[in-house]
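One file, work37.cif, is given below (mmCIF, C-alpha atoms).
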```cif
data_my_file
#
loop_
_atom_site.label_atom_id
_atom_site.label_comp_id
_atom_site.auth_asym_id
_atom_site.auth_seq_id
_atom_site.Cartn_x
_atom_site.Cartn_y
_atom_site.Cartn_z
CA MET Z 1 85.31 100.88 139.58
CA THR Z 2 87.82 103.33 140.98
CA ASP Z 3 90.10 102.44 143.87
CA ALA Z 4 88.07 104.59 146.24
CA GLU Z 5 84.85 102.89 145.22
CA ASN Z 6 86.48 99.51 145.60
CA GLU Z 7 87.56 100.40 149.06
CA ILE Z 8 84.07 101.57 150.00
CA GLU Z 9 82.66 98.35 148.62
CA LEU Z 10 85.14 96.32 150.66
CA GLN Z 11 84.39 98.30 153.79
CA ASP Z 12 80.66 97.78 153.25
CA GLN Z 13 81.19 94.05 153.02
CA GLN Z 14 83.21 94.05 156.22
CA PHE Z 15 80.56 96.05 158.08
CA LYS Z 16 77.88 93.70 156.80
CA GLN Z 17 79.91 90.68 157.86
CA ILE Z 18 80.45 92.02 161.37
CA GLU Z 19 76.76 92.88 161.60
CA ASN Z 20 75.75 89.39 160.50
CA GLU Z 21 78.17 87.73 162.91
CA GLN Z 22 76.76 89.80 165.76
CA LYS Z 23 73.21 88.89 164.76
CA MET Z 24 73.94 85.25 165.53
CA PHE Z 25 74.00 86.18 169.22
CA PRO Z 26 70.73 86.84 171.00
CA LEU Z 27 70.12 90.50 171.91
CA VAL Z 28 69.65 89.43 175.53
CA ALA Z 29 70.92 85.95 176.43
CA ASP Z 30 69.85 83.79 179.37
CA ARG Z 31 71.61 83.92 182.73
CA LEU Z 32 74.54 81.55 182.64
CA PRO Z 33 77.26 80.58 185.15
CA PHE Z 34 79.94 83.25 185.54
CA ASP Z 35 82.60 80.57 185.06
CA LEU Z 36 81.98 80.95 181.35
CA VAL Z 37 83.92 84.20 181.53
CA ILE Z 38 86.98 82.37 182.87
CA LEU Z 39 86.77 79.95 179.96
CA ASP Z 40 87.14 82.86 177.54
CA TYR Z 41 90.76 83.35 178.62
CA ASP Z 42 93.88 81.29 178.64
CA ALA Z 43 95.92 81.31 181.87
CA GLU Z 44 99.14 81.20 179.86
CA THR Z 45 98.56 83.69 177.06
CA SER Z 46 96.34 86.25 178.79
CA PRO Z 47 97.01 85.92 182.52
CA ASP Z 48 95.71 89.46 183.28
CA TYR Z 49 92.24 88.68 182.05
CA TYR Z 50 92.27 85.14 183.32
CA ASN Z 51 93.15 86.17 186.86
CA LYS Z 52 90.63 88.98 186.93
CA ALA Z 53 87.93 86.63 185.72
CA LYS Z 54 88.82 84.15 188.48
CA GLU Z 55 88.75 86.88 191.07
CA LEU Z 56 85.37 88.16 189.90
CA ALA Z 57 83.98 84.62 190.00
CA ASN Z 58 84.30 84.81 193.80
CA THR Z 59 81.75 87.61 193.87
CA TYR Z 60 79.58 87.00 190.85
CA GLY Z 61 77.69 83.80 190.16
CA GLU Z 62 76.03 84.51 186.83
CA ILE Z 63 76.33 86.52 183.65
CA ARG Z 64 73.76 87.57 181.08
CA GLN Z 65 75.39 88.40 177.79
CA ILE Z 66 74.14 91.21 175.61
CA ARG Z 67 74.64 91.48 171.85
CA GLY Z 68 77.52 93.73 170.86
CA ASP Z 69 75.72 96.01 168.45
CA GLY Z 70 76.67 99.39 169.88
CA ASN Z 71 73.58 99.45 172.09
CA CYS Z 72 74.93 97.02 174.69
CA PHE Z 73 75.37 99.54 177.50
CA TYR Z 74 71.83 100.90 177.13
CA ARG Z 75 70.39 97.43 176.74
CA ALA Z 76 72.29 96.00 179.70
CA VAL Z 77 71.14 98.77 182.04
CA PHE Z 78 67.58 98.54 180.77
CA VAL Z 79 67.43 94.78 181.34
CA GLY Z 80 68.98 95.26 184.77
CA ILE Z 81 66.27 97.77 185.69
CA LEU Z 82 63.56 95.48 184.34
CA GLU Z 83 64.75 92.59 186.47
CA VAL Z 84 64.65 94.78 189.56
CA CYS Z 85 61.14 95.96 188.64
CA MET Z 86 59.89 92.44 187.94
CA LYS Z 87 60.73 91.53 191.52
CA ASN Z 88 59.60 94.71 193.23
CA GLU Z 89 56.24 96.26 192.44
CA GLU Z 90 56.94 99.49 194.32
CA LYS Z 91 60.08 100.10 192.33
CA ALA Z 92 58.29 99.22 189.12
CA LYS Z 93 55.65 101.86 189.80
CA GLN Z 94 58.30 104.38 190.65
CA PHE Z 95 60.21 103.72 187.44
CA LEU Z 96 57.00 104.01 185.43
CA GLU Z 97 56.44 107.46 187.00
CA THR Z 98 59.97 108.50 186.04
CA CYS Z 99 59.44 107.34 182.47
CA LEU Z 100 56.02 108.98 182.14
CA GLY Z 101 57.58 112.21 183.37
CA TRP Z 102 60.24 112.09 180.68
CA ASN Z 103 57.75 112.71 177.88
CA ASP Z 104 57.18 116.32 178.96
CA ARG Z 105 60.80 116.81 179.94
CA LEU Z 106 61.90 115.83 176.41
CA LEU Z 107 59.34 118.06 174.72
CA LYS Z 108 60.41 120.96 176.94
CA LEU Z 109 63.96 120.44 175.68
CA GLY Z 110 62.76 120.82 172.11
CA PHE Z 111 62.77 117.18 170.97
CA PRO Z 112 60.47 116.81 167.93
CA ASP Z 113 57.08 116.13 169.50
CA TRP Z 114 55.74 113.78 166.93
CA THR Z 115 58.31 111.03 167.06
CA THR Z 116 59.24 111.66 170.69
CA ASN Z 117 55.65 111.11 171.82
CA ASP Z 118 55.59 107.88 169.87
CA PHE Z 119 58.77 106.50 171.46
CA CYS Z 120 57.57 107.53 174.91
CA GLU Z 121 54.11 106.01 174.44
CA VAL Z 122 55.40 102.74 173.07
CA PHE Z 123 57.83 102.48 175.94
CA THR Z 124 55.41 103.33 178.73
CA ASP Z 125 52.60 101.18 177.27
CA TRP Z 126 54.99 98.28 177.15
CA PHE Z 127 56.32 98.89 180.63
CA LYS Z 128 52.83 99.31 182.12
CA LYS Z 129 52.19 95.67 181.27
CA VAL Z 130 55.22 94.73 183.32
CA VAL Z 131 54.06 96.88 186.24
CA ASN Z 132 50.50 95.53 186.10
CA LYS Z 133 51.72 91.98 185.64
CA GLU Z 134 49.77 91.68 182.41
CA THR Z 135 52.66 89.89 180.81
CA THR Z 136 54.90 86.95 181.61
CA SER Z 137 58.61 86.81 182.09
CA GLU Z 138 58.78 84.67 178.98
CA LYS Z 139 56.95 87.28 176.89
CA ILE Z 140 59.13 90.06 178.29
CA PHE Z 141 62.30 88.28 177.20
CA ASP Z 142 60.75 87.40 173.84
CA ASP Z 143 60.14 91.09 173.28
CA LEU Z 144 63.65 91.95 174.40
CA ASN Z 145 64.97 89.57 171.77
CA ASP Z 146 62.77 90.85 168.99
CA ASP Z 147 64.90 93.38 167.11
CA SER Z 148 62.12 95.77 166.25
CA GLN Z 149 60.43 95.76 169.69
CA SER Z 150 63.63 95.75 171.65
CA ASN Z 151 65.37 98.52 169.75
CA TYR Z 152 62.30 100.72 169.98
CA LEU Z 153 62.65 100.53 173.74
CA ILE Z 154 66.37 101.27 173.42
CA ILE Z 155 65.62 104.44 171.45
CA PHE Z 156 63.66 105.64 174.49
CA MET Z 157 66.66 104.92 176.72
CA ARG Z 158 68.86 106.92 174.38
CA LEU Z 159 66.41 109.82 174.28
CA ILE Z 160 66.21 110.18 178.05
CA THR Z 161 70.01 109.91 178.30
CA SER Z 162 70.32 112.75 175.83
CA GLY Z 163 67.55 114.60 177.66
CA TYR Z 164 69.34 114.37 180.99
CA LEU Z 165 72.61 115.62 179.51
CA LYS Z 166 70.78 118.52 177.88
CA GLU Z 167 68.97 119.42 181.10
CA HIS Z 168 72.38 119.70 182.74
CA SER Z 169 74.24 121.08 179.76
CA GLU Z 170 76.38 123.42 181.85
CA ASP Z 171 77.76 120.49 183.81
CA TYR Z 172 78.42 118.29 180.81
CA ALA Z 173 79.44 120.65 178.01
CA PRO Z 174 83.01 121.07 179.40
CA PHE Z 175 83.64 117.33 178.91
CA ILE Z 176 83.19 117.54 175.16
CA ASP Z 177 86.62 118.39 173.95
CA ASP Z 178 86.43 118.48 170.18
CA GLY Z 179 84.65 121.82 169.86
CA ARG Z 180 81.23 120.30 169.32
CA SER Z 181 78.22 121.70 171.16
CA LEU Z 182 76.45 119.45 173.64
CA ALA Z 183 73.44 119.30 171.32
CA ASP Z 184 75.61 118.13 168.41
CA TYR Z 185 77.31 115.63 170.66
CA CYS Z 186 73.96 114.26 171.83
CA SER Z 187 72.57 113.85 168.35
CA THR Z 188 75.66 112.09 166.97
CA GLU Z 189 76.69 110.01 169.95
CA ILE Z 190 73.60 109.42 172.06
CA GLU Z 191 70.42 109.74 169.98
CA ALA Z 192 71.91 107.84 167.04
CA MET Z 193 71.47 104.06 167.19
CA TRP Z 194 74.47 101.69 167.29
CA LYS Z 195 76.79 104.23 168.87
CA ASP Z 196 78.67 103.00 171.94
CA ALA Z 197 78.10 104.87 175.19
CA ASP Z 198 81.09 106.74 176.59
CA HIS Z 199 81.32 108.26 180.07
CA LEU Z 200 78.73 110.96 179.34
CA GLY Z 201 76.27 108.39 178.05
CA ILE Z 202 76.86 106.23 181.11
CA SER Z 203 76.33 109.06 183.52
CA GLY Z 204 73.31 110.39 181.60
CA LEU Z 205 71.47 107.07 181.55
CA VAL Z 206 72.15 106.34 185.21
CA LEU Z 207 70.84 109.73 186.30
CA ALA Z 208 67.95 109.79 183.83
CA THR Z 209 66.65 106.45 185.11
CA GLY Z 210 67.57 106.94 188.76
CA TYR Z 211 69.28 103.54 188.86
CA ASN Z 212 72.83 103.39 190.15
CA ILE Z 213 75.13 100.83 188.63
CA ARG Z 214 78.41 99.16 189.39
CA ILE Z 215 80.78 98.46 186.52
CA GLU Z 216 83.43 95.81 186.96
CA TYR Z 217 86.27 96.59 184.61
CA MET Z 218 88.08 93.74 183.00
CA ASP Z 219 90.75 95.59 181.16
CA ARG Z 220 94.36 96.26 181.99
CA THR Z 221 93.79 99.39 184.02
CA ALA Z 222 93.61 99.26 187.79
CA ALA Z 223 90.67 100.76 189.62
CA PRO Z 224 91.38 103.42 192.25
CA ASN Z 225 90.18 101.53 195.32
CA GLY Z 226 92.17 98.39 194.74
CA GLY Z 227 89.14 96.62 193.30
CA TRP Z 228 88.24 96.59 189.69
CA HIS Z 229 84.97 98.43 189.83
CA TYR Z 230 83.50 101.90 189.66
CA ASP Z 231 80.11 102.84 191.06
CA ILE Z 232 78.06 105.36 189.12
CA PRO Z 233 77.38 107.92 190.34
CA ALA Z 234 80.66 107.83 192.24
CA ASP Z 235 79.07 109.19 195.43
CA CYS Z 236 76.27 106.64 195.76
CA ASN Z 237 76.09 105.28 199.29
CA GLU Z 238 74.70 101.82 198.80
CA THR Z 239 76.00 99.04 196.62
CA PRO Z 240 74.13 99.43 193.32
CA GLU Z 241 71.56 96.77 192.52
CA ILE Z 242 72.74 96.45 188.94
CA SER Z 243 76.22 95.27 188.04
CA LEU Z 244 77.77 95.26 184.61
CA LEU Z 245 80.92 93.61 183.39
CA TYR Z 246 82.99 95.76 181.07
CA ARG Z 247 85.39 94.14 178.69
CA PRO Z 248 87.00 96.43 176.12
CA GLY Z 249 84.23 97.79 173.95
CA HIS Z 250 81.45 95.76 175.53
CA TYR Z 251 79.08 95.44 178.49
CA ASP Z 252 77.23 92.41 179.89
CA ILE Z 253 75.10 92.08 183.04
CA ILE Z 254 76.50 90.14 185.98
CA TYR Z 255 74.83 88.91 189.16
CA HIS Z 256 76.10 88.69 192.73
CA LYS Z 257 76.29 85.26 194.27
CA MET E 1 52.26 94.11 164.28
CA GLU E 2 55.69 95.62 163.88
CA GLN E 3 56.40 98.97 165.49
CA SER E 4 57.72 100.35 162.23
CA SER E 5 54.41 99.83 160.43
CA LEU E 6 52.46 101.42 163.28
CA LEU E 7 54.71 104.46 163.23
CA LEU E 8 54.41 104.77 159.45
CA LYS E 9 50.62 104.49 159.60
CA LYS E 10 50.47 107.21 162.21
CA GLN E 11 52.73 109.45 160.14
CA LEU E 12 50.68 108.96 157.03
CA ALA E 13 47.48 109.82 158.86
CA GLU E 14 49.11 112.89 160.36
CA LEU E 15 50.40 114.11 156.98
CA ARG E 16 46.91 113.68 155.53
CA ARG E 17 45.43 115.65 158.40
CA VAL E 18 48.04 118.43 158.37
CA PRO E 19 49.71 118.60 154.95
CA VAL E 20 53.14 120.20 154.78
CA ASP E 21 54.02 122.78 152.11
CA GLY E 22 56.26 121.58 149.34
CA PHE E 23 55.30 117.93 149.04
CA SER E 24 52.48 115.44 149.28
CA ALA E 25 52.70 111.83 150.34
CA GLY E 26 50.71 108.62 149.98
CA LEU E 27 51.24 104.90 149.60
CA ALA E 28 52.66 103.56 146.34
CA ASP E 29 50.66 100.40 146.93
CA ASP E 30 47.73 100.42 149.36
CA ASN E 31 48.78 97.07 150.77
CA ASP E 32 52.33 98.03 151.57
CA ILE E 33 52.91 100.57 154.32
CA TYR E 34 56.68 100.39 153.72
CA LYS E 35 56.52 101.89 150.24
CA TRP E 36 55.43 105.50 149.87
CA GLU E 37 55.01 107.64 146.83
CA VAL E 38 55.78 111.30 147.34
CA LEU E 39 55.35 114.25 145.04
CA VAL E 40 57.96 116.93 145.53
CA ILE E 41 57.01 120.37 144.30
CA GLY E 42 59.95 122.24 142.77
CA PRO E 43 60.79 124.96 145.30
CA PRO E 44 59.94 128.55 144.25
CA ASP E 45 62.79 130.75 143.00
CA THR E 46 64.90 127.77 141.97
CA LEU E 47 65.48 126.14 138.59
CA TYR E 48 63.13 123.38 139.71
CA GLU E 49 60.17 125.72 140.24
CA GLY E 50 57.03 124.49 138.51
CA GLY E 51 58.15 120.86 138.52
CA PHE E 52 56.23 118.02 140.16
CA PHE E 53 58.74 115.28 140.82
CA LYS E 54 57.59 111.82 141.83
CA ALA E 55 59.70 109.74 144.13
CA ILE E 56 59.47 106.49 146.07
CA LEU E 57 60.36 106.21 149.74
CA ASP E 58 61.37 102.69 150.64
CA PHE E 59 61.31 102.03 154.39
CA PRO E 60 63.23 99.13 155.92
CA ARG E 61 61.49 96.83 158.41
CA ASP E 62 63.76 98.19 161.11
CA TYR E 63 62.67 101.78 160.48
CA PRO E 64 63.10 104.12 162.38
CA GLN E 65 66.33 102.55 163.60
CA LYS E 66 67.48 102.67 159.98
CA PRO E 67 66.55 105.34 157.41
CA PRO E 68 64.42 104.84 154.29
CA LYS E 69 65.83 105.06 150.78
CA MET E 70 64.50 107.68 148.42
CA LYS E 71 64.44 107.37 144.66
CA PHE E 72 62.99 109.80 142.13
CA THR E 73 60.98 108.12 139.42
CA SER E 74 60.59 111.38 137.51
CA GLU E 75 63.69 112.35 135.59
CA ILE E 76 65.62 114.93 137.57
CA TRP E 77 69.03 116.47 136.93
CA HIS E 78 70.77 117.42 140.14
CA PRO E 79 74.28 116.97 141.57
CA ASN E 80 73.04 115.03 144.61
CA ILE E 81 70.68 112.69 142.78
CA ASP E 82 72.33 109.91 140.83
CA LYS E 83 71.29 109.01 137.31
CA GLU E 84 68.99 106.24 138.57
CA GLY E 85 67.17 108.81 140.70
CA ASN E 86 68.62 107.79 144.08
CA VAL E 87 68.84 110.67 146.51
CA CYS E 88 72.20 110.96 148.25
CA ILE E 89 71.93 113.21 151.27
CA SER E 90 73.44 112.68 154.66
CA ILE E 91 70.17 112.54 156.59
CA LEU E 92 69.40 109.29 154.73
CA HIS E 93 72.63 107.67 155.90
CA ASP E 94 73.10 105.66 159.05
CA PRO E 95 75.51 107.14 161.60
CA GLY E 96 77.74 104.10 161.31
CA ASP E 97 78.12 104.77 157.61
CA ASP E 98 81.53 106.37 157.58
CA LYS E 99 82.20 106.36 153.89
CA TRP E 100 80.38 109.69 153.71
CA GLY E 101 83.11 111.16 155.83
CA TYR E 102 82.89 114.64 154.36
CA GLU E 103 79.56 115.44 155.95
CA ARG E 104 78.90 116.89 159.32
CA PRO E 105 78.06 113.80 161.34
CA GLU E 106 75.17 115.47 163.14
CA GLU E 107 73.24 115.52 159.88
CA ARG E 108 73.02 111.73 159.75
CA TRP E 109 69.92 109.63 160.25
CA LEU E 110 68.36 109.67 163.70
CA PRO E 111 65.30 107.71 164.85
CA VAL E 112 63.53 110.97 165.73
CA HIS E 113 63.52 112.06 162.09
CA THR E 114 60.21 111.87 160.23
CA VAL E 115 59.05 111.80 156.63
CA GLU E 116 58.58 115.52 157.01
CA THR E 117 62.17 116.20 158.10
CA ILE E 118 63.44 114.00 155.25
CA LEU E 119 61.37 115.82 152.64
CA LEU E 120 62.33 119.22 154.01
CA SER E 121 65.99 118.21 153.64
CA VAL E 122 65.36 117.09 150.08
CA ILE E 123 63.67 120.38 149.25
CA SER E 124 66.57 122.27 150.77
CA MET E 125 68.95 120.12 148.70
CA LEU E 126 67.10 121.17 145.54
CA THR E 127 67.53 124.81 146.54
CA ASP E 128 71.08 124.39 147.68
CA PRO E 129 73.06 121.52 146.15
CA ASN E 130 76.10 120.08 147.90
CA PHE E 131 78.99 120.14 145.42
CA GLU E 132 81.42 118.45 147.75
CA SER E 133 79.71 115.12 147.39
CA PRO E 134 78.06 114.83 144.00
CA ALA E 135 76.19 111.61 143.27
CA ASN E 136 75.84 112.78 139.69
CA VAL E 137 79.30 114.01 138.78
CA ASP E 138 78.23 115.12 135.30
CA ALA E 139 75.48 117.31 136.70
CA ALA E 140 77.86 118.82 139.25
CA LYS E 141 80.43 119.53 136.53
CA MET E 142 77.86 120.97 134.19
CA GLN E 143 76.46 123.23 136.86
CA ARG E 144 79.92 124.57 137.58
CA GLU E 145 81.30 124.84 134.07
CA ASN E 146 78.37 125.26 131.78
CA TYR E 147 75.51 126.76 133.70
CA THR E 148 73.44 127.57 130.58
CA ASP E 149 73.34 123.92 129.58
CA PHE E 150 72.63 122.93 133.15
CA LYS E 151 69.62 125.25 133.28
CA LYS E 152 68.34 123.85 129.97
CA LYS E 153 68.67 120.31 131.18
CA VAL E 154 66.80 121.07 134.43
CA ALA E 155 64.10 122.98 132.51
CA GLN E 156 63.58 119.89 130.35
CA CYS E 157 63.05 117.77 133.46
CA VAL E 158 60.61 120.33 134.87
CA ARG E 159 58.57 120.28 131.64
CA LYS E 160 58.61 116.51 131.50
CA SER E 161 57.47 116.26 135.10
CA GLN E 162 54.48 118.48 134.33
CA GLU E 163 53.37 116.11 131.59
CA GLU E 164 53.56 112.95 133.68
#
```
What does this structure look like when you write it as structure tokens?
Amino acid sequence: MTDAENEIELQDQQFKQIENEQKMFPLVADRLPFDLVILDYDAETSPDYYNKAKELANTYGEIRQIRGDGNCFYRAVFVGILEVCMKNEEKAKQFLETCLGWNDRLLKLGFPDWTTNDFCEVFTDWFKKVVNKETTSEKIFDDLNDDSQSNYLIIFMRLITSGYLKEHSEDYAPFIDDGRSLADYCSTEIEAMWKDADHLGISGLVLATGYNIRIEYMDRTAAPNGGWHYDIPADCNETPEISLLYRPGHYDIIYHK
Amino acid sequence: MEQSSLLLKKQLAELRRVPVDGFSAGLADDNDIYKWEVLVIGPPDTLYEGGFFKAILDFPRDYPQKPPKMKFTSEIWHPNIDKEGNVCISILHDPGDDKWGYERPEERWLPVHTVETILLSVISMLTDPNFESPANVDAAKMQRENYTDFKKKVAQCVRKSQEE
């Protein structure tokens, strides 16, 4: 084997190892006490994180961890929306309408009809059962933790994110700074599985679903308003119903006390 | 039933209903929806014209999150098909797969791709090989340096494929 091949081989093994380690975590974990987050940090060696975690524990009582497989942002928001819909039938119906509407919107944007219809149908058929209460909370979370089921639903989330960005391409194209077109950007960064969401992905999913979110940032940067969070979209008037905790490279769902 | 098998069943039915020029597709084994046999027709006006090349498409259980693998079982001499018959084109690689760094990333695998888009890429690869990333270095070299021999070698494969 040449050096280059050896290196590729080694890289492959590393990727595989990371993938396997990640697969030991559930895709969507149960709600657990937020204090767990504090336990992740040492007051002596990482005081920044430790103190932020303690501060957040005043506001948030629980955390639901999401597997770090590159889909965590999409999955976290999706689960957040589901939980809202499971408690509120009106909102569930409304979200179903939004999702049903996306099928035509995607086709109008030129998404390949064959596969797009399939992802849309699987998603809406699945979600209809939630709306009509033809399923149980247990079954819903079983599905969310079944790789094949769960990721199929995530593909839909990615498609509508891409769709929203493409519908507003004039607004978003200026943010892509490496000379790529918005369409190229969407197919490499949004429509492709396992790719982390950046600020365009975040904005696209929020606006495509109609669900505002709050993101609490646990990194070393300070937020503008003295707190640690950003609301998306920035001009939303009410406190968003869904809150996420961001730690570098990863999102989990957190719940107000 | 797994989503992947439902999607594959639907695609197979659709391809039977509306065949696409340039290839035909069916199951390699009637009991296994994850293993397809395809017959690729050598594209007109290329060295491969007149050939009927058999290949196997091997779908993973997590299709369409991950792409299938494609392997020619008919002998075929081409820079982007290795000597075991494995097809090496970017559309069959996962986006996370960065070892194929020379390709335009937007050509990688996406869940919205279908058997049809894969096969159309393969047919376009037969028409238009990618020399930057040869899977069969000997074929790439021969095509560049000794085109007469290259043509002969391909013609042999075409003839053989007609006899299979």
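Distance-wise, CA of Tyr152 in chain Z and CA of Lys35 in chain E end up 20.6 Å apart.
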I need the residue set behind the PyMOL selection byres ((chain Z and resi 190) around 8) for this file; please write it as a PDB file with C-alpha atoms, in the frame of the given file.
```pdb
ATOM      1  CA  ARG Z 158      68.860 106.920 174.380  1.00  0.00           C
ATOM      2  CA  LEU Z 159      66.410 109.820 174.280  1.00  0.00           C
ATOM      3  CA  THR Z 161      70.010 109.910 178.300  1.00  0.00           C
ATOM      4  CA  SER Z 162      70.320 112.750 175.830  1.00  0.00           C
ATOM      5  CA  TYR Z 185      77.310 115.630 170.660  1.00  0.00           C
ATOM      6  CA  CYS Z 186      73.960 114.260 171.830  1.00  0.00           C
ATOM      7  CA  SER Z 187      72.570 113.850 168.350  1.00  0.00           C
ATOM      8  CA  THR Z 188      75.660 112.090 166.970  1.00  0.00           C
ATOM      9  CA  GLU Z 189      76.690 110.010 169.950  1.00  0.00           C
ATOM     10  CA  GLU Z 191      70.420 109.740 169.980  1.00  0.00           C
ATOM     11  CA  ALA Z 192      71.910 107.840 167.040  1.00  0.00           C
ATOM     12  CA  MET Z 193      71.470 104.060 167.190  1.00  0.00           C
ATOM     13  CA  LYS Z 195      76.790 104.230 168.870  1.00  0.00           C
ATOM     14  CA  ALA Z 197      78.100 104.870 175.190  1.00  0.00           C
ATOM     15  CA  GLY Z 201      76.270 108.390 178.050  1.00  0.00           C
TER      16      GLY Z 201
END
```
Near Phe72 in chain E, counting only C-alpha atoms, which residues have an atom at most 8 Å away, once you skip same-chain residues fewer than 5 positions from it, shown as an mmCIF file with C-alpha atoms, keeping the file's coordinate frame?
```
data_model
loop_
_atom_site.group_PDB
_atom_site.id
_atom_site.type_symbol
_atom_site.label_atom_id
_atom_site.label_comp_id
_atom_site.auth_asym_id
_atom_site.auth_seq_id
_atom_site.Cartn_x
_atom_site.Cartn_y
_atom_site.Cartn_z
ATOM 1 C CA PHE E 53 58.740 115.280 140.820
ATOM 2 C CA LYS E 54 57.590 111.820 141.830
ATOM 3 C CA ALA E 55 59.700 109.740 144.130
ATOM 4 C CA ILE E 56 59.470 106.490 146.070
ATOM 5 C CA GLU E 84 68.990 106.240 138.570
ATOM 6 C CA GLY E 85 67.170 108.810 140.700
ATOM 7 C CA ASN E 86 68.620 107.790 144.080
ATOM 8 C CA VAL E 87 68.840 110.670 146.510
#
```
Evaluating the PyMOL selection byres ((chain E and resi 151) around 12) on the displayed file yields which residues, as JSON, numbers by chain?
{"E": [46, 47, 48, 49, 76, 77, 78, 139, 142, 143, 144, 145, 146, 147, 148, 149, 150, 152, 153, 154, 155, 156, 157, 158]}
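Distance-wise, CA of Leu8 in chain E and CA of Leu120 in chain E end up 17.4 Å apart.
Going from CA of Trp194 in chain Z to CA of Asn71 in chain Z covers 5.4 Å.
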Translate the PyMOL selection byres ((chain E and resi 23) around 12) into a concrete residue list for this structure, as a PyMOL selection string.
chain E and resi 15-16+18-22+24-26+37-43+51-55+115-123
Take the selection from the previous step and output its residues with C-alpha atoms, as an mmCIF file, keeping the file's coordinate frame.
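Done, and the output landed in again_13.cif:
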```
data_model
loop_
_atom_site.group_PDB
_atom_site.id
_atom_site.type_symbol
_atom_site.label_atom_id
_atom_site.label_comp_id
_atom_site.auth_asym_id
_atom_site.auth_seq_id
_atom_site.Cartn_x
_atom_site.Cartn_y
_atom_site.Cartn_z
ATOM 1 C CA LEU E 15 50.400 114.110 156.980
ATOM 2 C CA ARG E 16 46.910 113.680 155.530
ATOM 3 C CA VAL E 18 48.040 118.430 158.370
ATOM 4 C CA PRO E 19 49.710 118.600 154.950
ATOM 5 C CA VAL E 20 53.140 120.200 154.780
ATOM 6 C CA ASP E 21 54.020 122.780 152.110
ATOM 7 C CA GLY E 22 56.260 121.580 149.340
ATOM 8 C CA SER E 24 52.480 115.440 149.280
ATOM 9 C CA ALA E 25 52.700 111.830 150.340
ATOM 10 C CA GLY E 26 50.710 108.620 149.980
ATOM 11 C CA GLU E 37 55.010 107.640 146.830
ATOM 12 C CA VAL E 38 55.780 111.300 147.340
ATOM 13 C CA LEU E 39 55.350 114.250 145.040
ATOM 14 C CA VAL E 40 57.960 116.930 145.530
ATOM 15 C CA ILE E 41 57.010 120.370 144.300
ATOM 16 C CA GLY E 42 59.950 122.240 142.770
ATOM 17 C CA PRO E 43 60.790 124.960 145.300
ATOM 18 C CA GLY E 51 58.150 120.860 138.520
ATOM 19 C CA PHE E 52 56.230 118.020 140.160
ATOM 20 C CA PHE E 53 58.740 115.280 140.820
ATOM 21 C CA LYS E 54 57.590 111.820 141.830
ATOM 22 C CA ALA E 55 59.700 109.740 144.130
ATOM 23 C CA VAL E 115 59.050 111.800 156.630
ATOM 24 C CA GLU E 116 58.580 115.520 157.010
ATOM 25 C CA THR E 117 62.170 116.200 158.100
ATOM 26 C CA ILE E 118 63.440 114.000 155.250
ATOM 27 C CA LEU E 119 61.370 115.820 152.640
ATOM 28 C CA LEU E 120 62.330 119.220 154.010
ATOM 29 C CA SER E 121 65.990 118.210 153.640
ATOM 30 C CA VAL E 122 65.360 117.090 150.080
ATOM 31 C CA ILE E 123 63.670 120.380 149.250
#
```
Selection near His93 in chain E, 8 Å with all atoms listed in the file, sequence-local residues under 5 positions removed, as an mmCIF file with C-alpha atoms, keeping the file's coordinate frame:
```cif
data_model
loop_
_atom_site.group_PDB
_atom_site.id
_atom_site.type_symbol
_atom_site.label_atom_id
_atom_site.label_comp_id
_atom_site.auth_asym_id
_atom_site.auth_seq_id
_atom_site.Cartn_x
_atom_site.Cartn_y
_atom_site.Cartn_z
ATOM 1 C CA PRO E 67 66.550 105.340 157.410
ATOM 2 C CA ARG E 108 73.020 111.730 159.750
ATOM 3 C CA TRP E 109 69.920 109.630 160.250
#
```
Hey, what's within 10 Å of Arg105 in chain Z if we count all atoms listed in the file and toss same-chain stuff fewer than 5 positions away? As JSON, numbers by chain, please?
{"Z": [99, 100, 110, 111, 160, 163, 164, 167]}
I'd like the contact shell of range 116-122 of chain Z - 9 Å cut-off, only C-alpha atoms, skipping same-chain residues fewer than 5 positions apart - returned as a count of residues only.
17
Might you pull out every residue within 8 Å of range 30-38 of chain Z, with only C-alpha atoms counted and same-chain residues fewer than 5 positions away left off, and present them as a list of chain:residue names?
Z:Tyr50, Z:Ala53, Z:Lys54, Z:Ala57, Z:Tyr60, Z:Gly61, Z:Glu62, Z:Ile63, Z:Arg64, Z:Gln65, Z:Ile254
Selection file, C-alpha atoms, as a CSV table (one decimal), keeping the file's coordinate frame:
```csv
chain,number,residue,atom,x,y,z
Z,50,TYR,CA,92.3,85.1,183.3
Z,53,ALA,CA,87.9,86.6,185.7
Z,54,LYS,CA,88.8,84.2,188.5
Z,57,ALA,CA,84.0,84.6,190.0
Z,60,TYR,CA,79.6,87.0,190.8
Z,61,GLY,CA,77.7,83.8,190.2
Z,62,GLU,CA,76.0,84.5,186.8
Z,63,ILE,CA,76.3,86.5,183.6
Z,64,ARG,CA,73.8,87.6,181.1
Z,65,GLN,CA,75.4,88.4,177.8
Z,254,ILE,CA,76.5,90.1,186.0
```
Which centre and edge lengths in Å to one decimal define the box along x, y and z that fits every listed atom of range 10-22 of chain E plus 6 Å per side, as AutoDock Vina command-line options?
```
--center_x 50.8 --center_y 115.0 --center_z 155.8 --size_x 22.8 --size_y 27.6 --size_z 24.9
```
Distance criterion (only C-alpha atoms): nearest to Phe25 in chain Z out of Z:Met218, Z:Ala234, Z:Leu10, Z:Ile66:
Z:Ile66
